[in-house]
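Remarks on the structure that follows.
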Amino acid sequence: LDNAINFFTAQGLDTRANSLNNLLDSMSNGVNTIQAANNGITSITKLVQSAQALVSQAQQANNTTTQASLATQYGTLITQITQLAKDSGFNGVNLLGGAGNNLAITLNETGTSSVTVTAVDYTNGTAGPLSLNAAASNWASSANITAASTDLTAALTTLQSESQTLSASLSTVQIRQEFTKATINTLQSGSAALTLADTNQEGANLLALQTRQQLSSTALSLASQADQNVLRLFR
C-alpha cells in the first residue's frame with residue numbers, strides 16, 4: 001500500500017532468489033557425485049600402482065612358481081579395480097559406471113547454463129578405457145610381464161586424464177555454487193531494501209505519535225478542569 005511498484009519489484013527479486021536457492025541442492029548433489037568419482041579414481045590409481053609393484057617383482061623373479069603367484073595377485077587387483085569402480089557412485093549416479101550415468105548440472109534458473117560430465121566405464125578392468133588384461137600364461141615369459149607393464153602405464157595415463165577432467169568440472173560447479181549464493185544474498189538484500197521499514201524513521205514516528213497522544217490527553221484534562229471551574233461559578 002505504501003509503494004506498490006517497490007512491492008512487486010521486491011516480489012520478483014524474491015522469486016528469483018527462491019529459484020536459485022532450489023538450484024543449490026542440485027549443485028550440491030553434483031559436487032558430491034563428482035567427488036565420489038574422483039575418490040574412486042584415486043583409489044583405482046593406488047591399485048594400479050600396486051599392480052605395477054607386482055610386475056616389477058615378476059620381472060626380477062627367475063622362477064615360474066613365483067611369477068605364477070604374482071600373476072594370481074595381479075588378477076585379484078584387477079577384480080578389485082572393477083569392484084571399486086562399481087562402488088564409486090553417489091545418489092544413484094556413478095560417473096565411473098559407463099552409459100546412462102552422465103551428469104548434467106543446471107547452473108541458472110532459466111536452464112541456459114549447465115555443466116555436463118560424461119561418464120566413463122571402469123567397471124570392467126579388462127576392457128574399456130583401462131584395458132588391463134589378465135596375466136597371460138601366468139607370466140611365464142618376460143613378454144607377458146612386459147605386456148602387463150605396458151597396460152598399467154597406459155591405464156595410469158587414462159586415470160590421470162580423467163581425474164583432470166573431473167577436477168575441472170568440479171571447480172566450475174563450485175565456483176558457480178559460490179556465485180549463486182552471493183547472488184541470492186544480493187537479491188534478498190535488494191528486496192528487503194525496497195519493502196522493509198526504516199526502523200529509525202518508524203521509531204521517530206512512533207515517538208511523535210505517543211507525544212501527540214499524551215498532549216491530547218493533557219489538553220482534554222485541562223479542558224475538563226476548565227469546564228468544571230465554570231460550573232462551580234454557576235453553583
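Chain lettering (A, B, ...) mirrors the order of the C-alpha cells, residue numbering begins at 1 for each chain separately, and ligand numbering begins at 1 in order of display.
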_Need to verify the contact set: A:Ile175, 12 Å, only C-alpha atoms, exclusion of same-chain residues closer than 5 positions in sequence. Can you return it as a PyMOL selection string?_
chain A and resi 24+27-28+31+107+115+168-170+180-182
For those residues, write C-alpha atoms to a file as an mmCIF file, in the first residue's frame.
data_model
loop_
_atom_site.group_PDB
_atom_site.id
_atom_site.type_symbol
_atom_site.label_atom_id
_atom_site.label_comp_id
_atom_site.auth_asym_id
_atom_site.auth_seq_id
_atom_site.Cartn_x
_atom_site.Cartn_y
_atom_site.Cartn_z
ATOM 1 C CA LEU A 24 21.832 -25.068 -4.843
ATOM 2 C CA MET A 27 24.643 -28.257 -7.427
ATOM 3 C CA SER A 28 25.499 -29.794 -4.061
ATOM 4 C CA VAL A 31 29.603 -31.746 -6.409
ATOM 5 C CA LEU A 107 23.588 -23.513 -13.150
ATOM 6 C CA VAL A 115 27.732 -28.373 -16.906
ATOM 7 C CA ALA A 168 37.924 -29.044 -13.965
ATOM 8 C CA SER A 169 34.195 -29.812 -13.832
ATOM 9 C CA LEU A 170 34.226 -29.800 -10.040
ATOM 10 C CA THR A 180 24.772 -18.405 -6.788
ATOM 11 C CA LYS A 181 24.928 -17.999 -3.014
ATOM 12 C CA ALA A 182 26.267 -14.456 -3.405
#
_Exercise: stretch 155-161 of chain A partners within 8 Å, only C-alpha atoms, chain neighbours under 6 positions left out, as an NGL selection string_ = :A and (41 or 45 or 48 or 129-132)
*Could you find all residues in stretch 51-110 of chain A that DSSP calls strand (DSSP E or B) from the backbone, and write them as a ChimeraX atom specification?*
/A:90,93,97,103-106
Listing only residues of stretch 82-175 of chain A within 9 Å of stretch 52-65 of chain A, what is the closest atom pair and its distance in Å (to one decimal) for each, using only C-alpha atoms, sorted by chain and residue number ascending, as a tab-separated table?
residue	atom	partner	partner_atom	distance
A:Asn138	CA	A:Thr64	CA	8.1
A:Trp139	CA	A:Ala58	CA	7.6
A:Ala140	CA	A:Thr64	CA	5.7
A:Ser141	CA	A:Thr64	CA	8.5
A:Ser142	CA	A:Gln59	CA	6.9
A:Ile145	CA	A:Val55	CA	6.3
A:Thr146	CA	A:Val55	CA	8.1
A:Ala148	CA	A:Val55	CA	7.2
A:Ser149	CA	A:Val55	CA	6.4
A:Leu152	CA	A:Gln52	CA	6.7
A:Thr153	CA	A:Gln52	CA	8.3
*asked:* Would you compute the distance between atom CA of A:Ile105 and atom CA of A:Ser26? Give it in Å to one decimal.
replied: 6.8 Å
*Where in chain A does DSSP assign alpha helix (DSSP H), given as number ranges by chain?*
A: 4-60, 64-86, 142-195, 199-234
*asked:* What's around A:Gly98 at 10 Å? Count only C-alpha atoms, leave out sequence neighbours fewer than 6 positions away in its own chain, and write the answer as a PyMOL selection string.
replied: chain A and resi 85-86+118-124+128
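Distance-wise, atom CA of A:Leu233 and atom CA of A:Gln214 end up 29.1 Å apart.
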*Between atom CA of A:Ser191 and atom CA of A:Arg176, what is the distance, to one decimal in Å?*
22.1 Å
Please identify every residue of stretch 140-213 of chain A that has at least one atom no farther than 9 Å from an atom of stretch 4-17 of chain A, counting only C-alpha atoms, and for each give the shortest atom pair and the distance in Å to one decimal, arranged by chain then increasing number, as CSV.
residue,atom,partner,partner_atom,distance
A:Thr183,CA,A:Ala17,CA,7.7
A:Ile184,CA,A:Ala17,CA,5.0
A:Asn185,CA,A:Ala17,CA,8.0
A:Thr186,CA,A:Ala17,CA,8.8
A:Leu187,CA,A:Leu13,CA,5.5
A:Gln188,CA,A:Asp14,CA,6.2
A:Gly190,CA,A:Ala10,CA,7.3
A:Ser191,CA,A:Ala10,CA,4.3
A:Ala192,CA,A:Ala10,CA,7.4
A:Ala193,CA,A:Ala10,CA,8.6
A:Leu194,CA,A:Asn6,CA,5.5
A:Thr195,CA,A:Phe7,CA,6.1
Hey, can you spit out that residue selection with N, CA, C and O atoms as a tab-separated table (two decimals), in the first residue's frame?
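Wrote it out as again.tsv, contents follow:
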chain	number	residue	atom	x	y	z
A	183	THR	N	24.67	-14.26	-5.23
A	183	THR	CA	23.56	-13.64	-5.96
A	183	THR	C	22.28	-13.68	-5.14
A	183	THR	O	21.51	-12.71	-5.11
A	184	ILE	N	22.04	-14.80	-4.48
A	184	ILE	CA	20.84	-14.92	-3.63
A	184	ILE	C	20.87	-13.87	-2.52
A	184	ILE	O	19.86	-13.21	-2.25
A	185	ASN	N	22.02	-13.70	-1.89
A	185	ASN	CA	22.15	-12.69	-0.83
A	185	ASN	C	21.88	-11.29	-1.37
A	185	ASN	O	21.22	-10.47	-0.73
A	186	THR	N	22.39	-11.00	-2.58
A	186	THR	CA	22.18	-9.68	-3.19
A	186	THR	C	20.71	-9.45	-3.49
A	186	THR	O	20.16	-8.37	-3.22
A	187	LEU	N	20.05	-10.48	-4.04
A	187	LEU	CA	18.62	-10.36	-4.36
A	187	LEU	C	17.79	-10.15	-3.10
A	187	LEU	O	16.87	-9.31	-3.08
A	188	GLN	N	18.09	-10.89	-2.07
A	188	GLN	CA	17.33	-10.76	-0.83
A	188	GLN	C	17.57	-9.41	-0.16
A	188	GLN	O	16.63	-8.80	0.38
A	190	GLY	N	18.37	-6.65	-1.77
A	190	GLY	CA	17.67	-5.67	-2.60
A	190	GLY	C	16.18	-5.65	-2.33
A	190	GLY	O	15.55	-4.58	-2.27
A	191	SER	N	15.60	-6.84	-2.16
A	191	SER	CA	14.17	-6.93	-1.86
A	191	SER	C	13.86	-6.29	-0.51
A	191	SER	O	12.88	-5.55	-0.36
A	192	ALA	N	14.71	-6.56	0.47
A	192	ALA	CA	14.49	-6.00	1.81
A	192	ALA	C	14.60	-4.48	1.79
A	192	ALA	O	13.82	-3.78	2.45
A	193	ALA	N	15.54	-3.96	0.99
A	193	ALA	CA	15.72	-2.50	0.93
A	193	ALA	C	14.49	-1.81	0.35
A	193	ALA	O	14.18	-0.66	0.68
A	194	LEU	N	13.77	-2.53	-0.52
A	194	LEU	CA	12.60	-1.93	-1.17
A	194	LEU	C	11.35	-1.97	-0.28
A	194	LEU	O	10.49	-1.10	-0.39
A	195	THR	N	11.26	-2.96	0.58
A	195	THR	CA	9.99	-3.17	1.30
A	195	THR	C	10.09	-3.05	2.81
A	195	THR	O	9.09	-2.70	3.45
*Point out the residue among A:Thr126, A:Asn144, A:Ser137, A:Gln213 with the least atom-to-atom distance to A:Ala68, counting only C-alpha atoms.*
A:Ser137
_A:Gln67, A:Thr218, A:Gln49, A:Asn205 ranked by distance to A:Asp151, top pick (using only C-alpha atoms)_ = A:Gln49
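Of the residues listed (A:Asn91, A:Asn108, A:Thr33, A:Gln73), A:Asn108 shows the shortest atom-to-atom separation from A:Leu20; distances use only C-alpha atoms.
Proximity of A:Val117, A:Leu23, A:Ala208, A:Leu95 to A:Gln177, computed with only C-alpha atoms, is greatest for A:Leu23.
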*Which is closest to A:Ser19 among A:Glu109, A:Val230, A:Asp2, A:Asp87, if we use only C-alpha atoms?*
A:Glu109
